[in-house]
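J.: Here you go, upload36.txt (compact mmCIF, C-alpha atoms):
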# COMPACT_ATOMS: atom_id res chain seq x y z
CA MET Z 1 0.00 0.00 0.00
CA THR Z 2 1.63 2.48 -0.91
CA ALA Z 3 -0.73 4.83 0.69
CA THR Z 4 -0.21 7.53 2.01
CA THR Z 5 -0.53 4.76 2.49
CA SER Z 6 0.24 5.91 0.33
CA GLU Z 7 1.96 4.37 2.14
CA THR Z 8 -0.02 1.97 3.76
CA LYS Z 9 0.34 0.92 1.73
CA SER Z 10 0.74 1.82 1.96
CA SER Z 11 0.04 0.38 1.45
CA ASN Z 12 -1.38 -0.81 1.01
CA VAL Z 13 0.62 -3.01 2.15
CA GLU Z 14 1.71 -2.34 5.54
CA LEU Z 15 -0.79 -4.72 6.83
CA LYS Z 16 0.98 -7.76 8.26
CA THR Z 17 0.81 -8.69 11.89
CA VAL Z 18 3.74 -9.59 14.04
CA GLN Z 19 2.57 -13.16 14.40
CA SER Z 20 2.20 -15.63 11.58
CA ILE Z 21 0.51 -14.28 8.47
CA PRO Z 22 -3.00 -13.27 9.59
CA SER Z 23 -5.21 -15.25 7.32
CA SER Z 24 -5.92 -18.86 6.58
CA ALA Z 25 -5.58 -21.31 9.44
CA GLY Z 26 -2.66 -23.58 8.77
CA ILE Z 27 -0.59 -21.13 6.72
CA GLU Z 28 2.62 -19.60 7.96
CA ALA Z 29 5.46 -17.71 6.27
CA ASP Z 30 8.83 -19.40 6.08
CA ASN Z 31 12.08 -18.66 4.28
CA SER Z 32 13.26 -22.25 4.10
CA GLY Z 33 11.30 -23.25 1.01
CA GLU Z 34 9.79 -26.28 2.75
CA CYS Z 35 6.32 -27.31 1.66
CA CYS Z 36 4.72 -28.16 4.92
CA LYS Z 37 5.31 -28.95 8.60
CA LYS Z 38 3.31 -30.64 11.31
CA VAL Z 39 2.57 -27.79 13.67
CA ASP Z 40 -0.58 -26.69 15.38
CA ALA Z 41 -2.83 -24.47 13.31
CA PRO Z 42 -3.08 -20.93 14.71
CA LYS Z 43 -6.26 -19.69 16.27
CA SER Z 44 -8.38 -17.87 13.71
CA GLU Z 45 -8.96 -14.18 14.35
CA SER Z 46 -12.17 -12.22 14.19
CA ALA Z 47 -12.70 -10.58 10.80
CA LEU Z 48 -14.11 -7.51 12.55
CA LYS Z 49 -11.04 -7.34 14.77
CA SER Z 50 -8.76 -7.41 11.70
CA PHE Z 51 -10.89 -4.74 10.04
CA ILE Z 52 -10.71 -2.37 13.03
CA SER Z 53 -7.03 -2.94 13.85
CA GLY Z 54 -6.12 -2.52 10.19
CA GLY Z 55 -7.90 0.82 10.13
CA VAL Z 56 -6.12 1.96 13.29
CA GLY Z 57 -2.74 0.96 11.87
CA GLY Z 58 -3.43 2.70 8.59
CA ALA Z 59 -4.58 5.87 10.32
CA CYS Z 60 -1.35 5.90 12.35
CA CYS Z 61 0.62 5.49 9.13
CA VAL Z 62 -1.15 8.39 7.43
CA MET Z 63 -0.92 10.79 10.34
CA VAL Z 64 2.80 10.15 10.88
CA GLY Z 65 3.80 10.14 7.23
CA HIS Z 66 1.50 12.65 5.52
CA PRO Z 67 3.64 15.80 5.96
CA LEU Z 68 6.55 14.14 4.15
CA ASP Z 69 4.16 12.69 1.57
CA LEU Z 70 3.03 16.23 0.80
CA VAL Z 71 6.67 17.27 0.25
CA LYS Z 72 7.18 14.23 -2.00
CA VAL Z 73 4.21 15.09 -4.22
CA ARG Z 74 5.25 18.76 -4.49
CA MET Z 75 8.75 17.72 -5.52
CA GLN Z 76 7.44 15.28 -8.10
CA THR Z 77 4.94 17.70 -9.65
CA GLY Z 78 7.25 20.72 -9.84
CA GLY Z 79 6.02 22.98 -7.06
CA ALA Z 80 7.61 26.40 -6.50
CA ALA Z 81 9.96 25.04 -3.89
CA ALA Z 82 10.56 21.68 -5.56
CA SER Z 83 14.33 22.26 -5.68
CA SER Z 84 14.57 22.82 -1.93
CA SER Z 85 15.69 20.21 0.60
CA VAL Z 86 13.13 17.93 2.21
CA PHE Z 87 13.21 19.59 5.61
CA GLY Z 88 13.57 23.01 4.03
CA MET Z 89 10.29 22.55 2.18
CA LEU Z 90 8.65 21.10 5.27
CA SER Z 91 9.69 23.99 7.51
CA LYS Z 92 8.72 26.56 4.85
CA THR Z 93 5.28 25.00 4.44
CA LEU Z 94 4.81 24.87 8.21
CA ALA Z 95 5.84 28.55 8.57
CA LYS Z 96 3.54 29.75 5.77
CA GLU Z 97 0.54 27.47 6.14
CA GLY Z 98 0.80 26.08 9.66
CA ILE Z 99 -0.23 22.59 10.76
CA ARG Z 100 -3.17 22.69 8.40
CA GLY Z 101 -0.79 23.26 5.50
CA ILE Z 102 1.41 20.23 6.15
CA TYR Z 103 -1.70 18.07 6.47
CA ARG Z 104 -3.30 19.40 3.31
CA GLY Z 105 -5.09 16.60 1.46
CA VAL Z 106 -4.95 14.22 4.44
CA SER Z 107 -8.73 13.71 4.53
CA ALA Z 108 -8.71 11.66 1.32
CA PRO Z 109 -6.24 8.97 2.45
CA LEU Z 110 -7.71 8.94 5.97
CA THR Z 111 -11.20 8.38 4.56
CA ALA Z 112 -9.94 5.49 2.45
CA VAL Z 113 -7.77 3.94 5.15
CA THR Z 114 -10.26 1.64 6.88
CA PRO Z 115 -11.85 0.05 3.79
CA MET Z 116 -8.50 -0.08 2.01
CA PHE Z 117 -6.79 -1.92 4.85
CA ALA Z 118 -9.80 -4.19 5.28
CA VAL Z 119 -9.68 -5.10 1.60
CA SER Z 120 -5.92 -5.55 1.80
CA PHE Z 121 -6.23 -8.05 4.66
CA TRP Z 122 -8.89 -9.94 2.77
CA SER Z 123 -7.04 -9.90 -0.56
CA TYR Z 124 -3.78 -10.93 1.05
CA ASP Z 125 -5.61 -13.88 2.57
CA VAL Z 126 -6.99 -14.75 -0.87
CA GLY Z 127 -3.49 -14.52 -2.29
CA GLN Z 128 -2.19 -16.94 0.33
CA ARG Z 129 -5.02 -19.37 -0.38
CA ILE Z 130 -4.26 -19.23 -4.12
CA VAL Z 131 -0.55 -19.94 -3.75
CA LYS Z 132 -1.27 -22.57 -1.10
CA GLY Z 133 -3.64 -24.37 -3.46
CA TYR Z 134 -1.07 -24.25 -6.21
CA GLY Z 135 1.65 -25.55 -3.88
CA GLN Z 136 -0.50 -28.42 -2.62
CA ARG Z 137 -1.07 -29.90 -6.06
CA GLY Z 138 -0.33 -33.59 -6.00
CA MET Z 139 -0.46 -33.87 -2.19
CA THR Z 140 -2.49 -36.55 -0.48
CA ALA Z 141 -5.50 -35.65 1.66
CA GLU Z 142 -3.47 -36.32 4.79
CA GLU Z 143 -0.65 -34.04 3.65
CA LYS Z 144 -3.11 -31.27 2.92
CA GLU Z 145 -4.34 -31.40 6.52
CA ARG Z 146 -0.91 -30.37 7.77
CA LYS Z 147 0.07 -26.76 8.28
CA TYR Z 148 1.38 -25.34 5.02
CA VAL Z 149 4.50 -23.17 5.19
CA LEU Z 150 4.71 -20.50 2.52
CA SER Z 151 8.10 -19.99 0.91
CA MET Z 152 9.46 -16.48 0.43
CA GLY Z 153 8.52 -16.60 -3.24
CA GLU Z 154 4.95 -17.52 -2.34
CA ILE Z 155 4.79 -14.70 0.20
CA CYS Z 156 5.83 -12.25 -2.50
CA MET Z 157 3.25 -13.67 -4.91
CA ALA Z 158 0.48 -13.35 -2.32
CA GLY Z 159 1.56 -9.77 -1.71
CA ALA Z 160 1.37 -9.02 -5.43
CA ILE Z 161 -2.14 -10.46 -5.61
CA SER Z 162 -3.23 -8.30 -2.67
CA ALA Z 163 -2.42 -5.13 -4.61
CA ILE Z 164 -5.04 -5.80 -7.27
CA PRO Z 165 -8.34 -5.29 -5.38
CA THR Z 166 -6.82 -2.67 -3.08
CA THR Z 167 -6.07 -0.46 -6.08
CA GLY Z 168 -9.80 0.04 -6.60
CA ILE Z 169 -9.89 2.10 -3.39
CA MET Z 170 -6.38 3.51 -3.55
CA ALA Z 171 -6.56 5.06 -7.04
CA PRO Z 172 -9.40 7.60 -6.52
CA SER Z 173 -8.07 8.47 -3.06
CA GLU Z 174 -4.60 9.15 -4.49
CA ARG Z 175 -6.11 11.20 -7.32
CA ILE Z 176 -7.91 13.54 -4.90
CA LYS Z 177 -4.98 13.72 -2.48
CA CYS Z 178 -2.52 14.68 -5.21
CA LEU Z 179 -4.85 17.31 -6.69
CA LEU Z 180 -5.28 18.99 -3.30
CA GLN Z 181 -1.55 18.93 -2.60
CA VAL Z 182 -0.57 20.32 -6.00
CA GLN Z 183 -3.24 23.02 -5.67
CA ALA Z 184 -1.21 24.39 -2.77
CA ASN Z 185 1.68 24.95 -5.20
CA GLU Z 186 -0.52 27.17 -7.36
CA VAL Z 187 -1.80 29.11 -4.35
CA GLU Z 188 1.79 29.67 -3.25
CA LYS Z 189 2.53 31.19 -6.68
CA GLY Z 190 -0.37 33.61 -6.27
CA GLY Z 191 -3.12 31.56 -7.91
CA THR Z 192 -6.57 30.85 -6.53
CA ALA Z 193 -7.74 27.61 -4.99
CA LYS Z 194 -10.02 25.55 -7.21
CA TYR Z 195 -11.11 23.11 -4.52
CA THR Z 196 -12.30 23.88 -1.01
CA GLY Z 197 -11.68 20.37 0.28
CA MET Z 198 -11.84 16.65 -0.39
CA LEU Z 199 -15.57 16.42 -1.12
CA ASP Z 200 -15.56 19.51 -3.32
CA CYS Z 201 -12.60 18.10 -5.24
CA ALA Z 202 -14.36 14.78 -5.78
CA LYS Z 203 -17.56 16.52 -6.92
CA GLN Z 204 -15.75 18.72 -9.42
CA VAL Z 205 -13.70 15.83 -10.79
CA LEU Z 206 -16.87 13.77 -11.28
CA LYS Z 207 -18.68 16.72 -12.87
CA GLU Z 208 -15.86 17.46 -15.29
CA GLY Z 209 -14.89 13.95 -16.33
CA GLY Z 210 -17.21 11.45 -14.70
CA VAL Z 211 -16.19 8.29 -12.89
CA GLN Z 212 -13.44 7.68 -15.43
CA SER Z 213 -11.74 10.90 -14.36
CA LEU Z 214 -12.01 10.01 -10.68
CA PHE Z 215 -10.24 6.72 -11.38
CA LYS Z 216 -7.62 8.31 -13.60
CA GLY Z 217 -4.27 6.70 -12.90
CA THR Z 218 -5.64 3.34 -11.74
CA GLY Z 219 -3.26 1.48 -14.04
CA ALA Z 220 -0.36 3.59 -12.81
CA THR Z 221 -1.32 2.89 -9.20
CA LEU Z 222 -1.40 -0.85 -9.87
CA PHE Z 223 1.91 -0.62 -11.74
CA ARG Z 224 3.38 1.02 -8.65
CA ASP Z 225 1.78 -1.15 -5.97
CA ILE Z 226 2.44 -4.65 -7.32
CA PRO Z 227 6.27 -4.40 -7.10
CA GLY Z 228 5.84 -2.34 -3.94
CA THR Z 229 3.88 -5.04 -2.12
CA ILE Z 230 6.29 -7.72 -3.31
CA ALA Z 231 9.20 -5.79 -1.83
CA TYR Z 232 7.22 -4.97 1.31
CA PHE Z 233 6.02 -8.43 2.29
CA GLY Z 234 9.25 -10.11 1.24
CA THR Z 235 11.38 -7.70 3.25
CA TYR Z 236 9.13 -7.81 6.29
CA GLU Z 237 9.14 -11.60 6.44
CA LEU Z 238 12.90 -11.78 5.96
CA VAL Z 239 13.67 -9.12 8.59
CA LYS Z 240 11.16 -10.62 11.02
CA LYS Z 241 12.66 -14.07 10.63
CA GLU Z 242 16.20 -12.80 11.18
CA LEU Z 243 15.19 -10.72 14.19
CA MET Z 244 13.51 -13.76 15.72
CA LYS Z 245 16.72 -15.73 15.26
CA ILE Z 246 18.73 -12.98 16.94
CA GLN Z 247 16.27 -12.81 19.84
CA GLY Z 248 16.04 -16.61 20.14
CA ILE Z 249 12.30 -16.66 19.45
CA ASP Z 250 10.49 -19.65 17.94
CA PRO Z 251 8.91 -18.32 14.69
CA ASN Z 252 6.01 -20.76 15.10
CA LYS Z 253 5.02 -19.57 18.58
CA GLY Z 254 6.80 -16.39 19.62
CA GLN Z 255 6.17 -12.71 19.03
CA LEU Z 256 8.58 -9.91 18.26
CA SER Z 257 9.29 -7.18 20.80
CA PRO Z 258 7.84 -3.69 20.12
CA ILE Z 259 11.27 -2.40 19.02
CA ALA Z 260 11.64 -5.29 16.60
CA VAL Z 261 8.14 -4.65 15.23
CA LEU Z 262 9.03 -1.03 14.60
CA THR Z 263 12.32 -2.02 12.96
CA ALA Z 264 10.85 -4.69 10.69
CA GLY Z 265 7.93 -2.50 9.64
CA GLY Z 266 10.14 0.53 9.00
CA LEU Z 267 12.66 -1.38 6.88
CA ALA Z 268 9.88 -3.04 4.91
CA GLY Z 269 8.37 0.35 4.14
CA MET Z 270 11.70 1.71 2.95
CA ALA Z 271 12.20 -1.32 0.70
CA CYS Z 272 8.72 -0.82 -0.75
CA TRP Z 273 9.26 2.83 -1.63
CA GLY Z 274 12.80 2.21 -2.86
CA VAL Z 275 11.33 -0.07 -5.50
CA CYS Z 276 8.19 1.80 -6.53
CA ILE Z 277 9.21 5.49 -6.48
CA PRO Z 278 9.76 5.76 -10.31
CA ALA Z 279 6.24 4.45 -10.92
CA ASP Z 280 4.94 6.82 -8.23
CA VAL Z 281 6.50 9.82 -10.01
CA ILE Z 282 4.77 8.86 -13.25
CA LYS Z 283 1.49 8.28 -11.42
CA SER Z 284 1.59 11.66 -9.68
CA ARG Z 285 2.34 13.50 -12.93
CA TYR Z 286 -0.44 11.70 -14.76
CA GLN Z 287 -3.07 12.14 -12.05
CA THR Z 288 -2.45 15.86 -11.58
CA ALA Z 289 -2.02 16.83 -15.25
CA PRO Z 290 -4.79 18.75 -17.08
CA GLU Z 291 -7.04 16.57 -19.20
CA GLY Z 292 -5.49 15.89 -22.60
CA LYS Z 293 -1.91 16.78 -21.67
CA TYR Z 294 -0.74 13.18 -21.84
CA SER Z 295 -2.01 10.40 -24.07
CA GLY Z 296 -1.02 7.76 -21.54
CA LEU Z 297 1.57 6.61 -19.03
CA TYR Z 298 4.23 6.05 -21.67
CA ASP Z 299 3.73 9.61 -22.87
CA VAL Z 300 4.31 10.82 -19.30
CA TYR Z 301 7.50 8.76 -19.17
CA LYS Z 302 8.83 10.08 -22.51
CA THR Z 303 8.06 13.69 -21.62
CA LEU Z 304 9.67 13.33 -18.20
CA ILE Z 305 12.89 11.81 -19.59
CA LYS Z 306 13.08 14.42 -22.36
CA GLU Z 307 12.62 17.40 -20.04
CA GLU Z 308 14.35 16.24 -16.84
CA GLY Z 309 16.41 13.17 -17.68
CA TYR Z 310 16.36 9.90 -15.80
CA GLY Z 311 16.93 11.74 -12.55
CA GLY Z 312 13.33 12.91 -12.79
CA LEU Z 313 12.18 9.34 -12.12
CA VAL Z 314 13.53 9.45 -8.59
CA LYS Z 315 12.16 12.84 -7.60
CA GLY Z 316 10.69 12.63 -4.15
CA MET Z 317 12.86 9.65 -3.21
CA ARG Z 318 14.32 11.36 -0.13
CA PRO Z 319 11.02 12.34 1.52
CA ALA Z 320 9.48 8.98 0.54
CA LEU Z 321 12.26 7.00 2.25
CA ILE Z 322 12.43 9.34 5.24
CA ARG Z 323 8.66 9.02 5.61
CA ALA Z 324 8.56 5.26 5.03
CA PHE Z 325 10.36 4.19 8.19
CA PRO Z 326 8.34 6.08 10.85
CA ALA Z 327 5.06 5.74 8.95
CA ASN Z 328 5.30 1.98 8.54
CA ALA Z 329 6.66 1.54 12.04
CA ALA Z 330 3.65 3.47 13.36
CA CYS Z 331 1.32 1.36 11.22
CA PHE Z 332 2.50 -1.94 12.65
CA PHE Z 333 2.70 -0.65 16.18
CA GLY Z 334 -0.83 0.81 16.04
CA MET Z 335 -2.14 -2.39 14.52
CA GLU Z 336 -0.58 -4.59 17.18
CA VAL Z 337 -1.74 -2.41 20.07
CA SER Z 338 -5.31 -2.39 18.76
CA LYS Z 339 -5.27 -6.15 18.18
CA LYS Z 340 -4.24 -6.77 21.76
CA ALA Z 341 -6.94 -4.38 22.99
CA LEU Z 342 -9.54 -6.22 20.86
CA GLY Z 343 -8.39 -9.69 21.86
CA PHE Z 344 -11.78 -10.39 23.41
CA MET Z 345 -13.30 -10.43 19.90
CA ASP Z 346 -11.59 -13.69 18.90
In structure tokens, write the structure found in this file.

T.:
Amino acid sequence: MTATTSETKSSNVELKTVQSIPSSAGIEADNSGECCKKVDAPKSESALKSFISGGVGGACCVMVGHPLDLVKVRMQTGGAAASSSVFGMLSKTLAKEGIRGIYRGVSAPLTAVTPMFAVSFWSYDVGQRIVKGYGQRGMTAEEKERKYVLSMGEICMAGAISAIPTTGIMAPSERIKCLLQVQANEVEKGGTAKYTGMLDCAKQVLKEGGVQSLFKGTGATLFRDIPGTIAYFGTYELVKKELMKIQGIDPNKGQLSPIAVLTAGGLAGMACWGVCIPADVIKSRYQTAPEGKYSGLYDVYKTLIKEEGYGGLVKGMRPALIRAFPANAACFFGMEVSKKALGFMD
């Protein structure tokens, strides 16, 4: 999830729990490549509990990371201060526009957080079931009753599958968020604000171009989030496994410490954005461009390379990576705290 969640991602994707992968009973991540092991199936969790805790984690991610996400979008779309340093832009925005300025456009990702994370949990579970079914081909009925251990490749595949349905919520949210953030650039140059807020922006976009305009950039969002979720889930599982080894914790039964959760989540978020930032630049340009400026994503790419060179593809990398660690760490921490608080729902 690259949500702001983008990041949550953001994505979308910052949705794993500290324990074994939170979906099908009898499935657990493993880096050994083994097919299956005889271990007790984990206790299934309440769907409502996952829905609520996912929303809490996503909200934490957005609130911690949004100011730097705003800087990232302004850098990518050529705002007046796009050549400034990350913290220079942040402090300038804070001085001129206050707290409200650095959280401009936050309502769109916050509104989409709960359903997006709920869908992500569900779709990640579907992805695990798909790869599990494929991996169990040829097994006997008795072998299929054993707990199936997903390999790292299967974890990455399940993560990629999870990006597909989540994009349906992420794309319009990202479109509105980027429009509101880029509008601030125009206001800073002396222009007038076109939108008064998230709802007004959505209404005007629908009025001008219909539903198709609201979902403009859906393909670009998917193109960004599939490799992003692969990097995210793969990195998280690898880091979690190594941290458990260091701490002497049994991966089948133990839980990571809060510091380890923050570390694994933060590193996973940085890996995600390190992979998908070029696609995010193209997405931001396409979603915020006037209608008719670009014929498609490839046209955005060609124009960007011609005008700014290949360096233009990594614009916003610094704020994205700086944002990724605390935002994803906050996401996992918030999710785990809420899950413990809602333990009575299991």

J.: Taking into account only C-alpha atoms, which residue in the set Z:Ser53, Z:Thr167, Z:Asn328, Z:Ser162 is nearest to Leu222 in chain Z?

T.: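 Of Z:Ser53, Z:Thr167, Z:Asn328, Z:Ser162, the one nearest Leu222 in chain Z is Z:Thr167, counting only C-alpha atoms.
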
J.: Let me make sure I understand: among Z:Phe215, Z:Trp273, Z:Tyr195, Z:Phe344, which one has the smallest atom-to-atom distance to Pro227 in chain Z if we use all atoms listed in the file?

T.: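 Of Z:Phe215, Z:Trp273, Z:Tyr195, Z:Phe344, the one nearest Pro227 in chain Z, counting all atoms listed in the file, is Z:Trp273.
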
J.: Please, what distance in Å, to one decimal, runs between CA of Lys245 in chain Z and CA of Leu342 in chain Z?

T.: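 CA of Lys245 in chain Z sits 28.5 Å away from CA of Leu342 in chain Z.
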
J.: Just checking: using only C-alpha atoms, which residue out of Z:Ala163, Z:Val106, Z:Val71, Z:Leu297 ends up closest to Lys216 in chain Z?

T.: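 Comparing Z:Ala163, Z:Val106, Z:Val71, Z:Leu297 against Lys216 in chain Z, the winner is Z:Leu297.
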
J.: Between Z:Tyr124, Z:Thr140, Z:Val131, Z:Gln181, which has the minimum distance to Ala193 in chain Z (counting all atoms listed in the file)?

T.: Z:Gln181

J.: Nearest residue to Glu186 in chain Z out of Z:Arg74, Z:Lys203, Z:His66, Z:Lys340, using all atoms listed in the file?

T.: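 Between Z:Arg74, Z:Lys203, Z:His66, Z:Lys340, the residue approaching Glu186 in chain Z most closely is Z:Arg74.
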
J.: Which residues of range 274-335 of chain Z have any atom within 12 Å of an atom in range 254-259 of chain Z when counting only C-alpha atoms, and what is the closest pair of atoms for each, with the distance in Å to one decimal? Order the rows by chain and rising number and write it as a Markdown table.

T.:
| residue | atom | partner | partner_atom | distance |
| --- | --- | --- | --- | --- |
| Z:Ala329 | CA | Z:Ile259 | CA | 9.2 |
| Z:Ala330 | CA | Z:Pro258 | CA | 10.7 |
| Z:Phe332 | CA | Z:Pro258 | CA | 9.3 |
| Z:Phe333 | CA | Z:Pro258 | CA | 7.2 |
| Z:Gly334 | CA | Z:Pro258 | CA | 10.6 |
| Z:Met335 | CA | Z:Pro258 | CA | 11.5 |

J.: For Phe51 in chain Z, which of Z:Ser120, Z:Gln128, Z:Gln247, Z:Thr263 is the closest residue, counting all atoms listed in the file?

T.: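 Ranked by minimum distance to Phe51 in chain Z, first place goes to Z:Ser120.
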
J.: Quick one: residues within 12 Å of (-10.1, 5.5, -5.0) (file frame), counting only C-alpha atoms, please, as a ChimeraX atom specification.

T.: /Z:3,6,108-113,115-116,165-178,202,211-218,221-222,287

J.: Env of Met63 in chain Z: 9 Å cut, atoms = only C-alpha atoms, seq-sep filter 2 positions within chain, self excluded. Answer as a list in words.

T.: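 The filter keeps Thr4, Gly58, Ala59, Cys60, Cys61, Gly65, His66, Pro67, Tyr103, Val106, Leu110 and Ala327 of chain Z.
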
J.: Please, what distance in Å, to one decimal, runs between CA of Thr196 in chain Z and CA of Val56 in chain Z?

T.: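 About the pair CA of Thr196 in chain Z and CA of Val56 in chain Z: they are 26.9 Å apart.
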
J.: If you count all atoms listed in the file, which residues fall within 8 Å of Ile161 in chain Z, apart from same-chain ones fewer than 4 positions away, as number ranges by chain?

T.: Z: 123-124, 127, 157, 226
